[in-house]
file upload.cif (mmCIF, C-alpha atoms and all ligand atoms)
data_upload
#
loop_
_atom_site.label_atom_id
_atom_site.label_comp_id
_atom_site.auth_asym_id
_atom_site.auth_seq_id
_atom_site.Cartn_x
_atom_site.Cartn_y
_atom_site.Cartn_z
CA MET A 1 -27.97 -29.22 -66.96
CA THR A 2 -28.31 -30.77 -70.38
CA GLU A 3 -30.16 -34.03 -70.77
CA GLY A 4 -27.82 -36.82 -71.77
CA SER A 5 -24.73 -34.83 -70.78
CA VAL A 6 -22.29 -35.98 -68.12
CA THR A 7 -23.70 -33.55 -65.56
CA ALA A 8 -24.38 -34.82 -62.05
CA ASP A 9 -28.00 -35.43 -61.01
CA PRO A 10 -29.52 -35.60 -57.51
CA GLY A 11 -30.42 -39.31 -57.84
CA LEU A 12 -26.83 -40.19 -58.61
CA ALA A 13 -25.65 -38.00 -55.75
CA SER A 14 -27.92 -39.88 -53.33
CA ALA A 15 -26.59 -43.21 -54.56
CA LEU A 16 -23.00 -41.98 -54.14
CA LEU A 17 -23.78 -40.66 -50.67
CA ALA A 18 -25.24 -44.03 -49.64
CA ALA A 19 -22.17 -45.78 -51.06
CA ILE A 20 -19.89 -43.49 -49.05
CA GLU A 21 -21.82 -44.36 -45.87
CA ALA A 22 -21.39 -48.05 -46.65
CA GLU A 23 -17.63 -47.49 -46.98
CA LEU A 24 -17.25 -45.68 -43.64
CA PRO A 25 -16.62 -48.68 -41.34
CA ALA A 26 -13.75 -49.89 -43.54
CA ALA A 27 -12.44 -46.33 -43.97
CA THR A 28 -12.41 -45.90 -40.18
CA VAL A 29 -10.37 -49.08 -39.69
CA LEU A 30 -8.00 -47.83 -42.39
CA ARG A 31 -7.71 -44.41 -40.70
CA HIS A 32 -6.68 -46.04 -37.43
CA GLN A 33 -4.11 -48.20 -39.22
CA ILE A 34 -2.59 -45.21 -41.05
CA HIS A 35 -2.60 -43.17 -37.84
CA ARG A 36 -0.86 -45.93 -35.88
CA GLU A 37 1.91 -46.30 -38.49
CA PRO A 38 2.57 -42.85 -39.99
CA ASP A 39 5.30 -42.06 -42.50
CA LEU A 40 7.32 -38.84 -42.59
CA GLY A 41 7.63 -36.76 -45.76
CA GLY A 42 9.91 -38.42 -48.29
CA PHE A 43 9.23 -41.89 -46.88
CA GLU A 44 5.52 -42.39 -47.70
CA GLU A 45 5.79 -45.45 -49.98
CA ARG A 46 4.17 -47.81 -47.48
CA THR A 47 1.23 -45.46 -46.85
CA ALA A 48 0.84 -44.79 -50.58
CA ALA A 49 0.73 -48.51 -51.33
CA LEU A 50 -1.89 -49.05 -48.62
CA ILE A 51 -4.15 -46.31 -50.01
CA ALA A 52 -3.71 -47.38 -53.65
CA GLU A 53 -4.73 -50.90 -52.67
CA ALA A 54 -7.72 -49.64 -50.66
CA LEU A 55 -8.76 -47.67 -53.76
CA GLY A 56 -8.70 -50.90 -55.76
CA ASP A 57 -5.56 -50.29 -57.82
CA PRO A 58 -2.40 -51.66 -56.17
CA ASP A 59 -0.51 -51.20 -59.47
CA ALA A 60 -1.26 -47.49 -59.83
CA PRO A 61 1.74 -45.52 -61.18
CA TRP A 62 4.23 -43.95 -58.79
CA VAL A 63 5.26 -40.30 -58.78
CA THR A 64 8.24 -40.20 -56.43
CA GLN A 65 6.77 -41.56 -53.13
CA GLY A 66 3.15 -40.94 -54.20
CA ARG A 67 0.66 -42.64 -56.51
CA LEU A 68 -1.92 -41.62 -59.11
CA VAL A 69 -5.00 -43.85 -58.97
CA ARG A 70 -7.47 -43.67 -61.84
CA ILE A 71 -11.06 -44.56 -61.06
CA PRO A 72 -12.56 -45.06 -64.51
CA ALA A 73 -16.17 -44.68 -63.49
CA GLY A 74 -17.20 -42.13 -66.08
CA ARG A 75 -20.64 -42.65 -67.60
CA GLY A 76 -20.16 -40.24 -70.47
CA PRO A 77 -17.84 -40.28 -73.48
CA ASP A 78 -15.61 -37.49 -72.14
CA GLU A 79 -12.62 -38.91 -70.29
CA THR A 80 -11.64 -35.63 -68.62
CA HIS A 81 -10.95 -36.56 -65.00
CA VAL A 82 -11.66 -34.70 -61.79
CA ALA A 83 -8.54 -34.96 -59.62
CA VAL A 84 -8.95 -35.21 -55.85
CA ARG A 85 -5.81 -34.87 -53.77
CA THR A 86 -4.86 -36.26 -50.41
CA GLU A 87 -1.55 -35.74 -48.62
CA LEU A 88 0.31 -38.78 -47.33
CA ASP A 89 2.83 -37.42 -44.83
CA ALA A 90 2.93 -37.11 -41.05
CA LEU A 91 4.87 -34.66 -38.86
CA PRO A 92 7.92 -35.36 -36.68
CA LEU A 93 5.95 -35.04 -33.43
CA THR A 94 5.57 -37.34 -30.42
CA GLU A 95 1.86 -38.06 -30.17
CA GLU A 96 0.00 -37.09 -26.98
CA THR A 97 -3.58 -38.03 -27.87
CA GLY A 98 -3.81 -41.17 -25.73
CA ALA A 99 -5.83 -42.85 -28.49
CA PRO A 100 -5.66 -46.67 -28.49
CA TRP A 101 -4.37 -46.41 -32.05
CA ALA A 102 -1.84 -43.67 -31.31
CA SER A 103 1.47 -43.66 -33.15
CA VAL A 104 4.54 -44.81 -31.24
CA ASN A 105 7.15 -44.30 -33.97
CA GLY A 106 7.94 -40.61 -33.31
CA ALA A 107 5.89 -39.40 -36.27
CA MET A 108 2.27 -38.28 -36.03
CA HIS A 109 -0.66 -37.45 -38.26
CA ALA A 110 -1.21 -34.11 -36.51
CA CYS A 111 -2.47 -32.31 -39.62
CA GLY A 112 -5.44 -34.60 -40.31
CA HIS A 113 -3.91 -36.25 -43.37
CA ASP A 114 -5.01 -39.66 -42.02
CA VAL A 115 -8.62 -38.42 -42.17
CA HIS A 116 -8.11 -36.97 -45.66
CA MET A 117 -6.79 -40.33 -46.89
CA ALA A 118 -9.65 -42.29 -45.32
CA GLY A 119 -12.17 -39.80 -46.74
CA LEU A 120 -10.67 -40.11 -50.21
CA VAL A 121 -10.84 -43.92 -50.03
CA ALA A 122 -14.53 -43.79 -49.00
CA PHE A 123 -15.32 -41.31 -51.78
CA GLY A 124 -13.22 -43.09 -54.42
CA GLN A 125 -14.63 -46.52 -53.64
CA ALA A 126 -18.16 -45.09 -53.81
CA VAL A 127 -17.47 -43.72 -57.30
CA ARG A 128 -15.91 -47.03 -58.32
CA ALA A 129 -19.02 -48.90 -57.12
CA VAL A 130 -21.76 -46.55 -58.34
CA GLY A 131 -20.13 -44.72 -61.23
CA GLY A 132 -20.18 -41.00 -61.78
CA PRO A 133 -20.41 -38.33 -64.45
CA ARG A 134 -16.64 -38.43 -64.97
CA PRO A 135 -13.64 -40.52 -63.98
CA VAL A 136 -11.73 -39.57 -60.85
CA LEU A 137 -7.99 -39.26 -60.47
CA ALA A 138 -7.06 -39.87 -56.83
CA VAL A 139 -3.77 -38.00 -56.28
CA LEU A 140 -1.86 -39.54 -53.36
CA GLN A 141 0.68 -36.79 -52.82
CA PRO A 142 3.86 -37.05 -50.76
CA ARG A 143 5.72 -34.28 -48.88
CA GLU A 144 3.06 -31.66 -48.19
CA GLU A 145 4.74 -30.76 -44.91
CA SER A 146 8.36 -30.87 -46.04
CA SER A 147 10.63 -29.63 -48.76
CA PRO A 148 10.92 -30.13 -51.70
CA SER A 149 7.18 -29.90 -52.23
CA GLY A 150 5.49 -33.12 -53.30
CA ALA A 151 2.84 -31.16 -55.21
CA LEU A 152 5.51 -29.55 -57.37
CA ASP A 153 6.84 -33.01 -58.28
CA VAL A 154 3.36 -34.32 -59.08
CA VAL A 155 2.26 -31.30 -61.09
CA SER A 156 5.38 -31.41 -63.25
CA SER A 157 5.34 -35.20 -63.72
CA ALA A 158 4.80 -37.07 -67.01
CA GLU A 159 2.41 -39.35 -65.13
CA LEU A 160 0.03 -36.48 -64.37
CA ALA A 161 0.44 -34.99 -67.82
CA ALA A 162 -0.73 -38.33 -69.26
CA VAL A 163 -4.15 -37.96 -67.62
CA PRO A 164 -6.65 -35.40 -68.93
CA VAL A 165 -7.65 -33.43 -65.81
CA GLY A 166 -10.37 -30.77 -65.88
CA ALA A 167 -10.33 -29.73 -62.23
CA PHE A 168 -8.48 -30.31 -58.95
CA VAL A 169 -10.21 -30.61 -55.58
CA ALA A 170 -8.81 -30.98 -52.05
CA VAL A 171 -10.29 -30.95 -48.56
CA HIS A 172 -8.36 -30.02 -45.42
CA LEU A 173 -9.58 -30.25 -41.85
CA HIS A 174 -9.54 -27.06 -39.80
CA ALA A 175 -10.15 -26.66 -36.08
CA SER A 176 -11.46 -23.10 -36.33
CA LEU A 177 -14.69 -24.25 -38.02
CA PRO A 178 -17.55 -26.18 -36.36
CA PRO A 179 -18.08 -29.83 -37.32
CA GLY A 180 -20.26 -30.22 -40.41
CA THR A 181 -19.28 -26.75 -41.66
CA ILE A 182 -17.22 -26.38 -44.81
CA ALA A 183 -15.47 -23.22 -45.96
CA VAL A 184 -15.69 -23.06 -49.74
CA GLN A 185 -14.99 -19.47 -50.80
CA GLY A 186 -13.85 -18.28 -54.19
CA GLY A 187 -10.67 -16.23 -54.51
CA PRO A 188 -7.48 -16.37 -52.46
CA VAL A 189 -7.79 -18.55 -49.35
CA ASN A 190 -4.12 -19.25 -48.51
CA ALA A 191 -1.04 -17.07 -48.82
CA SER A 192 2.14 -17.43 -50.79
CA SER A 193 4.97 -18.66 -48.58
CA ASP A 194 8.63 -17.76 -49.09
CA ALA A 195 11.59 -18.66 -46.90
CA LEU A 196 13.82 -15.80 -45.73
CA THR A 197 17.45 -16.08 -44.65
CA VAL A 198 19.48 -13.03 -43.61
CA THR A 199 23.16 -13.53 -42.89
CA ILE A 200 24.79 -10.58 -41.10
CA GLU A 201 28.56 -10.37 -41.19
CA GLY A 202 30.31 -8.26 -38.55
CA ARG A 203 33.76 -8.38 -36.99
CA PRO A 204 34.52 -10.54 -33.93
CA ALA A 205 36.02 -8.98 -30.82
CA HIS A 206 36.41 -9.39 -27.06
CA ALA A 207 33.09 -8.56 -25.36
CA ALA A 208 34.82 -5.89 -23.25
CA TYR A 209 36.24 -4.14 -26.34
CA PRO A 210 33.15 -3.67 -28.54
CA HIS A 211 34.74 -0.75 -30.38
CA MET A 212 37.29 -3.18 -31.82
CA GLY A 213 34.57 -5.20 -33.55
CA ARG A 214 31.30 -4.78 -35.42
CA ASP A 215 28.59 -6.52 -33.44
CA PRO A 216 26.30 -8.62 -35.71
CA ILE A 217 23.99 -9.48 -32.78
CA VAL A 218 22.99 -5.86 -32.24
CA ALA A 219 22.60 -5.45 -36.01
CA ALA A 220 20.47 -8.62 -36.16
CA ALA A 221 18.25 -7.46 -33.29
CA ALA A 222 17.75 -4.09 -35.01
CA THR A 223 17.00 -5.88 -38.28
CA VAL A 224 14.29 -8.00 -36.65
CA MET A 225 12.63 -4.86 -35.30
CA ALA A 226 13.02 -2.94 -38.56
CA LEU A 227 11.41 -5.77 -40.54
CA GLN A 228 8.34 -5.53 -38.32
CA HIS A 229 7.61 -2.05 -39.65
CA LEU A 230 7.20 -3.23 -43.22
CA VAL A 231 3.74 -4.78 -42.87
CA SER A 232 2.36 -1.78 -40.97
CA ARG A 233 4.09 1.04 -42.95
CA ARG A 234 4.92 -0.20 -46.43
CA MET A 235 2.15 -2.65 -47.33
CA ASP A 236 -1.49 -1.83 -48.14
CA PRO A 237 -3.41 -2.42 -44.89
CA MET A 238 -6.38 -3.75 -46.90
CA ARG A 239 -4.33 -6.74 -48.05
CA PRO A 240 -2.73 -9.07 -45.49
CA THR A 241 0.98 -9.78 -45.48
CA VAL A 242 3.18 -11.41 -42.83
CA VAL A 243 6.85 -11.10 -41.92
CA THR A 244 7.90 -13.53 -39.20
CA VAL A 245 11.45 -14.14 -38.02
CA GLY A 246 11.45 -17.62 -36.54
CA THR A 247 15.12 -18.21 -35.72
CA LEU A 248 18.01 -15.99 -34.71
CA GLN A 249 21.36 -17.63 -34.19
CA ALA A 250 24.67 -16.07 -33.23
CA GLY A 251 27.56 -16.49 -30.86
CA THR A 252 29.03 -19.24 -28.72
CA ALA A 253 30.30 -17.36 -25.65
CA GLY A 254 28.84 -14.67 -23.39
CA ASN A 255 32.10 -12.76 -23.30
CA ALA A 256 32.80 -12.64 -27.03
CA ILE A 257 31.29 -10.71 -29.94
CA PRO A 258 30.77 -13.20 -32.76
CA GLY A 259 31.64 -12.64 -36.41
CA SER A 260 28.18 -13.30 -37.81
CA ALA A 261 24.49 -13.78 -37.07
CA VAL A 262 21.84 -15.59 -39.08
CA LEU A 263 18.11 -15.10 -38.92
CA THR A 264 15.50 -17.09 -40.80
CA GLY A 265 11.82 -16.49 -41.28
CA THR A 266 8.81 -16.65 -43.55
CA LEU A 267 7.14 -14.08 -45.81
CA ARG A 268 3.43 -14.39 -46.67
CA ALA A 269 1.28 -12.45 -49.13
CA PHE A 270 -2.08 -12.72 -50.88
CA ASN A 271 -1.10 -11.49 -54.33
CA GLU A 272 1.97 -11.49 -56.52
CA ASP A 273 2.46 -7.68 -56.47
CA ASP A 274 2.53 -7.62 -52.66
CA ARG A 275 4.83 -10.63 -52.69
CA ASP A 276 7.35 -8.84 -54.93
CA LEU A 277 7.09 -5.62 -52.92
CA LEU A 278 7.66 -7.50 -49.68
CA HIS A 279 10.77 -9.18 -51.11
CA ALA A 280 12.20 -5.85 -52.23
CA THR A 281 11.48 -4.00 -48.98
CA VAL A 282 12.75 -6.84 -46.78
CA THR A 283 15.98 -6.95 -48.75
CA GLU A 284 16.47 -3.19 -48.68
CA THR A 285 15.63 -2.90 -44.97
CA ALA A 286 17.94 -5.73 -43.89
CA GLU A 287 20.85 -4.48 -45.98
CA LEU A 288 20.57 -0.86 -44.87
CA THR A 289 19.94 -1.67 -41.21
CA ALA A 290 23.00 -3.92 -41.03
CA ARG A 291 25.11 -1.29 -42.79
CA SER A 292 24.10 1.34 -40.21
CA TYR A 293 25.73 -0.92 -37.57
CA GLY A 294 28.91 -1.34 -39.58
CA CYS A 295 27.88 -4.84 -40.67
CA GLN A 296 26.87 -6.36 -43.97
CA ALA A 297 23.67 -8.31 -44.59
CA THR A 298 23.15 -10.86 -47.34
CA VAL A 299 19.47 -11.59 -47.97
CA SER A 300 18.28 -14.80 -49.57
CA ILE A 301 14.59 -15.41 -50.32
CA HIS A 302 13.52 -18.82 -51.55
CA ARG A 303 10.17 -18.68 -53.36
CA GLY A 304 7.83 -21.35 -52.06
CA GLU A 305 4.12 -21.96 -52.62
CA PRO A 306 2.21 -19.40 -54.68
CA VAL A 307 -1.09 -17.89 -53.48
CA LEU A 308 -3.92 -20.45 -53.38
CA HIS A 309 -6.86 -19.07 -55.38
CA ASN A 310 -10.13 -20.98 -55.33
CA ASP A 311 -11.95 -20.93 -58.64
CA PRO A 312 -15.11 -18.85 -57.91
CA GLN A 313 -17.39 -20.86 -60.21
CA LEU A 314 -16.19 -24.18 -58.83
CA ALA A 315 -16.65 -22.85 -55.30
CA LEU A 316 -20.23 -21.86 -56.09
CA ALA A 317 -21.08 -25.17 -57.79
CA THR A 318 -19.55 -27.11 -54.88
CA ALA A 319 -21.46 -25.09 -52.26
CA THR A 320 -24.74 -26.12 -53.88
CA TRP A 321 -23.82 -29.80 -53.62
CA LEU A 322 -22.55 -29.42 -50.03
CA THR A 323 -26.01 -28.25 -48.98
CA ARG A 324 -27.68 -31.16 -50.79
CA LEU A 325 -25.30 -33.57 -49.08
CA GLY A 326 -26.15 -32.31 -45.60
CA LEU A 327 -23.17 -30.04 -44.95
CA ASP A 328 -23.15 -26.32 -44.20
CA PRO A 329 -21.14 -24.41 -46.84
CA GLY A 330 -21.23 -21.22 -44.76
CA GLY A 331 -17.79 -21.52 -43.22
CA ASP A 332 -15.45 -18.56 -43.43
CA MET A 333 -11.82 -19.53 -43.66
CA ARG A 334 -9.02 -17.56 -45.22
CA SER A 335 -5.64 -17.60 -43.60
CA CYS A 336 -2.01 -16.70 -44.16
CA GLY A 337 -1.26 -20.39 -43.89
CA ALA A 338 0.08 -22.03 -47.03
CA ASP A 339 -0.52 -25.36 -48.74
CA ASP A 340 1.33 -26.77 -51.71
CA PHE A 341 -2.06 -27.51 -53.30
CA SER A 342 -1.49 -24.04 -54.76
CA TYR A 343 0.93 -25.58 -57.29
CA TYR A 344 -2.01 -27.47 -58.89
CA ASN A 345 -4.03 -24.30 -58.53
CA ALA A 346 -1.51 -22.42 -60.66
CA LYS A 347 -2.14 -24.83 -63.56
CA TYR A 348 -5.68 -26.20 -63.18
CA ARG A 349 -9.14 -24.93 -62.23
CA SER A 350 -9.14 -25.91 -58.57
CA LEU A 351 -10.73 -25.71 -55.17
CA MET A 352 -9.53 -26.16 -51.60
CA CYS A 353 -12.32 -26.76 -49.06
CA PHE A 354 -11.78 -26.53 -45.30
CA ALA A 355 -13.82 -28.93 -43.16
CA GLY A 356 -14.50 -28.09 -39.52
CA THR A 357 -13.46 -30.29 -36.63
CA GLY A 358 -14.62 -27.87 -33.89
CA GLU A 359 -12.00 -26.01 -31.88
CA ASP A 360 -13.51 -26.89 -28.51
CA VAL A 361 -13.33 -30.61 -29.30
CA VAL A 362 -9.69 -30.82 -30.27
CA PRO A 363 -6.62 -28.57 -30.20
CA GLY A 364 -5.48 -27.17 -33.52
CA LEU A 365 -3.50 -28.53 -36.41
CA HIS A 366 0.12 -29.59 -35.73
CA HIS A 367 -0.61 -29.98 -31.99
CA PRO A 368 0.58 -33.28 -30.44
CA ALA A 369 -2.95 -33.80 -29.04
CA PHE A 370 -4.79 -33.07 -32.31
CA LEU A 371 -7.28 -35.88 -32.75
CA PRO A 372 -10.26 -35.17 -34.99
CA PRO A 373 -13.13 -37.63 -34.44
CA ASP A 374 -13.76 -40.49 -36.88
CA GLU A 375 -16.97 -38.69 -37.95
CA ALA A 376 -14.72 -36.21 -39.77
CA ILE A 377 -14.04 -38.94 -42.36
CA PHE A 378 -17.67 -38.69 -43.50
CA ASP A 379 -17.45 -34.89 -43.72
CA VAL A 380 -14.24 -35.03 -45.76
CA ALA A 381 -15.65 -37.71 -48.10
CA ARG A 382 -18.88 -35.72 -48.61
CA ALA A 383 -16.94 -32.51 -49.26
CA MET A 384 -14.84 -34.36 -51.85
CA LEU A 385 -18.06 -35.67 -53.43
CA ALA A 386 -19.48 -32.14 -53.52
CA GLY A 387 -16.31 -30.81 -55.16
CA TYR A 388 -16.38 -33.66 -57.67
CA LEU A 389 -20.05 -33.13 -58.58
CA GLY A 390 -19.54 -29.36 -58.76
CA ALA A 391 -16.59 -29.85 -61.11
CA CYS A 392 -18.63 -32.29 -63.22
CA ASP A 393 -21.39 -29.69 -63.53
CA LEU A 394 -18.94 -27.02 -64.66
CA LEU A 395 -17.12 -29.30 -67.08
CA ALA A 396 -20.45 -30.29 -68.67
CA GLY A 397 -20.93 -26.65 -69.65
CA PRO A 398 -24.13 -24.60 -69.73
ZN ZN A 401 -1.99 -30.49 -43.77
#

call {"tool": "encode", "arguments": {"input": "upload.cif", "output": "structure tokens"}}
result
Amino acid sequence: MTEGSVTADPGLASALLAAIEAELPAATVLRHQIHREPDLGGFEERTAALIAEALGDPDAPWVTQGRLVRIPAGRGPDETHVAVRTELDALPLTEETGAPWASVNGAMHACGHDVHMAGLVAFGQAVRAVGGPRPVLAVLQPREESSPSGALDVVSSAELAAVPVGAFVAVHLHASLPPGTIAVQGGPVNASSDALTVTIEGRPAHAAYPHMGRDPIVAAAATVMALQHLVSRRMDPMRPTVVTVGTLQAGTAGNAIPGSAVLTGTLRAFNEDDRDLLHATVTETAELTARSYGCQATVSIHRGEPVLHNDPQLALATATWLTRLGLDPGGDMRSCGADDFSYYNAKYRSLMCFAGTGEDVVPGLHHPAFLPPDEAIFDVARAMLAGYLGACDLLAGP
């Protein structure tokens, strides 16, 4: 650290930590309010307005349904911001937590985004009150759970381009880690995610005269099985990939062979070469399998989120601050899940941290009974602070 630079120091970190603790009661009330009245992806304006106001800037600029809130707390001359993202959207689930502040509107914060928002407000308000090495850009992002990706809209917006950003940080709860444990590894931590659609055209016929038709259901079933060989036989076993067929639709009558079948699924990979290879082999396998049944397959692959790579230096710098702030940075969390945070990652130095909720305390993400405790707000806010201070250290240079 250079004297007089905008590097973080332990005294400032303590002051920020105390300010976060002072913000927790209000952040908890806010969490319950957001949880009780969740918004689905594409309809987050009310939630975004609530968070922008809680962060002290009700007039913050909009990016589609989201907001960008600047917290101009920088102590140094450099106005390069550290961006911290929260997602705004809930899932279309009927809540089964039994909490007094449970949602009753058919949507539910079952992915912890209510806790992320409350944590960001506690962190952001602490920086606003105490100051920090650099200004913060609080990114209130819509549509993390739905398509089109909110991150893609934010990252390509003029509003974001107008703010100098040196690093992006996000924190996501995860039930496979113990409470107080944060996974903060460098390198790839989430997979790329691409949507697969295979349409198989056959020839309809009476069910008792199969030789008169070309059965797309049998071809589709064979295609599903053939696709399952790709990960085990065509991909490098040292690098994870996933092929999952999630829907298979065909036919309307038990005594008729339909004209077509459609299957949809998801393809996951941890690097771009594997991603391209998977696309090519899926396409080839589906087309050739269908042809061997006298049918014709049309394969469509929609490229979604890229691989999420954590910046190794930012991960290391953040881990140091996590320890100082009373959290355990020893968590191990890489998964073939995907998060549209990877769109920021493709453009900025960035870091996704996973914060433990404890799997024996609550069921996992996207479960209708997922209810992380209010204490998780403090963990998320501290992890955001650690990411912010780590980014400030890196941006200050050697
Ligand atoms: Zn989520």

call {"tool": "closest_residue", "arguments": {"input": "upload.cif", "among": "A:Arg349, A:His206, A:His172, A:His309", "to": "Pro188 in chain A", "atoms": "only C-alpha atoms"}}
result
A:His309

call {"tool": "closest_atom_pairs", "arguments": {"input": "upload.cif", "of": "chain A", "to": "ligand ZN 401 (chain A)", "cutoff": "8 Å", "atoms": "only C-alpha atoms and all ligand atoms", "output": "Markdown table"}}
result
| residue | atom | partner | partner_atom | distance |
| --- | --- | --- | --- | --- |
| A:Glu87 | CA | A:ZN401 | ZN | 7.2 |
| A:Cys111 | CA | A:ZN401 | ZN | 4.6 |
| A:Gly112 | CA | A:ZN401 | ZN | 6.4 |
| A:His113 | CA | A:ZN401 | ZN | 6.1 |
| A:Glu144 | CA | A:ZN401 | ZN | 6.8 |
| A:Glu145 | CA | A:ZN401 | ZN | 6.8 |
| A:His172 | CA | A:ZN401 | ZN | 6.6 |
| A:Leu173 | CA | A:ZN401 | ZN | 7.8 |
| A:Asp339 | CA | A:ZN401 | ZN | 7.3 |
| A:Leu365 | CA | A:ZN401 | ZN | 7.8 |

call {"tool": "write_last_selection", "arguments": {"input": "upload.cif", "atoms": "C-alpha atoms", "output": "JSON list (two decimals), in the coordinates of the input"}}
result
[["chain", "number", "residue", "atom", "x", "y", "z"],
["A", 87, "GLU", "CA", -1.55, -35.74, -48.62],
["A", 111, "CYS", "CA", -2.47, -32.31, -39.62],
["A", 112, "GLY", "CA", -5.44, -34.60, -40.31],
["A", 113, "HIS", "CA", -3.91, -36.25, -43.37],
["A", 144, "GLU", "CA", 3.06, -31.66, -48.19],
["A", 145, "GLU", "CA", 4.74, -30.76, -44.91],
["A", 172, "HIS", "CA", -8.36, -30.02, -45.42],
["A", 173, "LEU", "CA", -9.58, -30.25, -41.85],
["A", 339, "ASP", "CA", -0.52, -25.36, -48.74],
["A", 365, "LEU", "CA", -3.50, -28.53, -36.41]]

call {"tool": "residues_around", "arguments": {"input": "upload.cif", "residues": "Asp332 in chain A", "least_positions_apart": "3", "cutoff": "10 Å", "atoms": "only C-alpha atoms", "output": "count of residues only"}}
result
11

call {"tool": "closest_residue", "arguments": {"input": "upload.cif", "among": "A:Ala13, A:Leu371, A:Leu325, A:Val262", "to": "Glu95 in chain A", "atoms": "only C-alpha atoms"}}
result
A:Leu371

call {"tool": "atom_distance", "arguments": {"input": "upload.cif", "atom1": "CA of Ala391 in chain A", "atom2": "CA of Glu23 in chain A"}}
result
22.6 Å

call {"tool": "residues_around", "arguments": {"input": "upload.cif", "residues": "Thr97 in chain A", "least_positions_apart": "4", "cutoff": "9 Å", "atoms": "all atoms listed in the file", "output": "list in words"}}
result
Ala102, Pro368, Ala369, Phe370 and Leu371 of chain A

call {"tool": "residues_near_point", "arguments": {"input": "upload.cif", "point": "(-8.1, -35.6, -43.7)", "cutoff": "12 Å", "atoms": "only C-alpha atoms", "output": "number ranges by chain"}}
result
A: 27-28, 31, 34-35, 85-90, 109-122, 170-175, 353-357, 365, 371-384

call {"tool": "closest_residue", "arguments": {"input": "upload.cif", "among": "A:Gly56, A:Gly132, A:Pro148, A:Pro10", "to": "Trp321 in chain A", "atoms": "only C-alpha atoms"}}
result
A:Pro10

call {"tool": "closest_residue", "arguments": {"input": "upload.cif", "among": "A:Ala138, A:Leu316, A:Ala83, A:Leu278", "to": "Tyr348 in chain A", "atoms": "only C-alpha atoms"}}
result
A:Ala83

call {"tool": "closest_residue", "arguments": {"input": "upload.cif", "among": "A:Glu159, A:Glu201, A:Asp153, A:Asp393", "to": "Arg291 in chain A", "atoms": "all atoms listed in the file"}}
result
A:Glu201

call {"tool": "closest_residue", "arguments": {"input": "upload.cif", "among": "A:Pro164, A:Pro38, A:Pro133, A:Gly186", "to": "Gln313 in chain A", "atoms": "all atoms listed in the file"}}
result
A:Gly186

call {"tool": "atom_distance", "arguments": {"input": "upload.cif", "atom1": "CA of Pro135 in chain A", "atom2": "CA of Leu68 in chain A"}}
result
12.7 Å

call {"tool": "atom_distance", "arguments": {"input": "upload.cif", "atom1": "CA of Met333 in chain A", "atom2": "CA of His366 in chain A"}}
result
17.5 Å

call {"tool": "residues_around", "arguments": {"input": "upload.cif", "residues": "Ala73 in chain A", "least_positions_apart": "2", "cutoff": "8 Å", "atoms": "all atoms listed in the file", "output": "JSON, numbers by chain"}}
result
{"A": [71, 75, 127, 128, 130, 131, 132, 133, 134, 135, 136]}

call {"tool": "write_last_selection", "arguments": {"input": "upload.cif", "atoms": "C-alpha atoms", "output": "PDB file, keeping the file's coordinate frame"}}
result
ATOM      1  CA  ILE A  71     -11.060 -44.560 -61.060  1.00  0.00           C
ATOM      2  CA  ARG A  75     -20.640 -42.650 -67.600  1.00  0.00           C
ATOM      3  CA  VAL A 127     -17.470 -43.720 -57.300  1.00  0.00           C
ATOM      4  CA  ARG A 128     -15.910 -47.030 -58.320  1.00  0.00           C
ATOM      5  CA  VAL A 130     -21.760 -46.550 -58.340  1.00  0.00           C
ATOM      6  CA  GLY A 131     -20.130 -44.720 -61.230  1.00  0.00           C
ATOM      7  CA  GLY A 132     -20.180 -41.000 -61.780  1.00  0.00           C
ATOM      8  CA  PRO A 133     -20.410 -38.330 -64.450  1.00  0.00           C
ATOM      9  CA  ARG A 134     -16.640 -38.430 -64.970  1.00  0.00           C
ATOM     10  CA  PRO A 135     -13.640 -40.520 -63.980  1.00  0.00           C
ATOM     11  CA  VAL A 136     -11.730 -39.570 -60.850  1.00  0.00           C
TER      12      VAL A 136
END

call {"tool": "residues_around", "arguments": {"input": "upload.cif", "residues": "Leu308 in chain A", "least_positions_apart": "6", "cutoff": "12 Å", "atoms": "all atoms listed in the file", "output": "VMD selection string"}}
result
chain A and resid 170 185 to 193 268 to 272 334 to 353

call {"tool": "residues_around", "arguments": {"input": "upload.cif", "residues": "Leu55 in chain A", "least_positions_apart": "3", "cutoff": "7 Å", "atoms": "all atoms listed in the file", "output": "list in words"}}
result
Ile51, Ala52, Val121, Gly124 and Gln125 of chain A

call {"tool": "axis_aligned_box", "arguments": {"input": "upload.cif", "around": "range 225-229 of chain A", "padding_each_side": "4 Å", "output": "lines of an AutoDock Vina configuration file"}}
result
center_x = 10.3
center_y = -3.9
center_z = -37.9
size_x = 13.4
size_y = 11.7
size_z = 13.2

call {"tool": "residues_near_point", "arguments": {"input": "upload.cif", "point": "(2.3, -4.4, -45.7)", "cutoff": "9 Å", "atoms": "all atoms listed in the file", "output": "PyMOL selection string"}}
result
chain A and resi 229-243+269+274+277-278
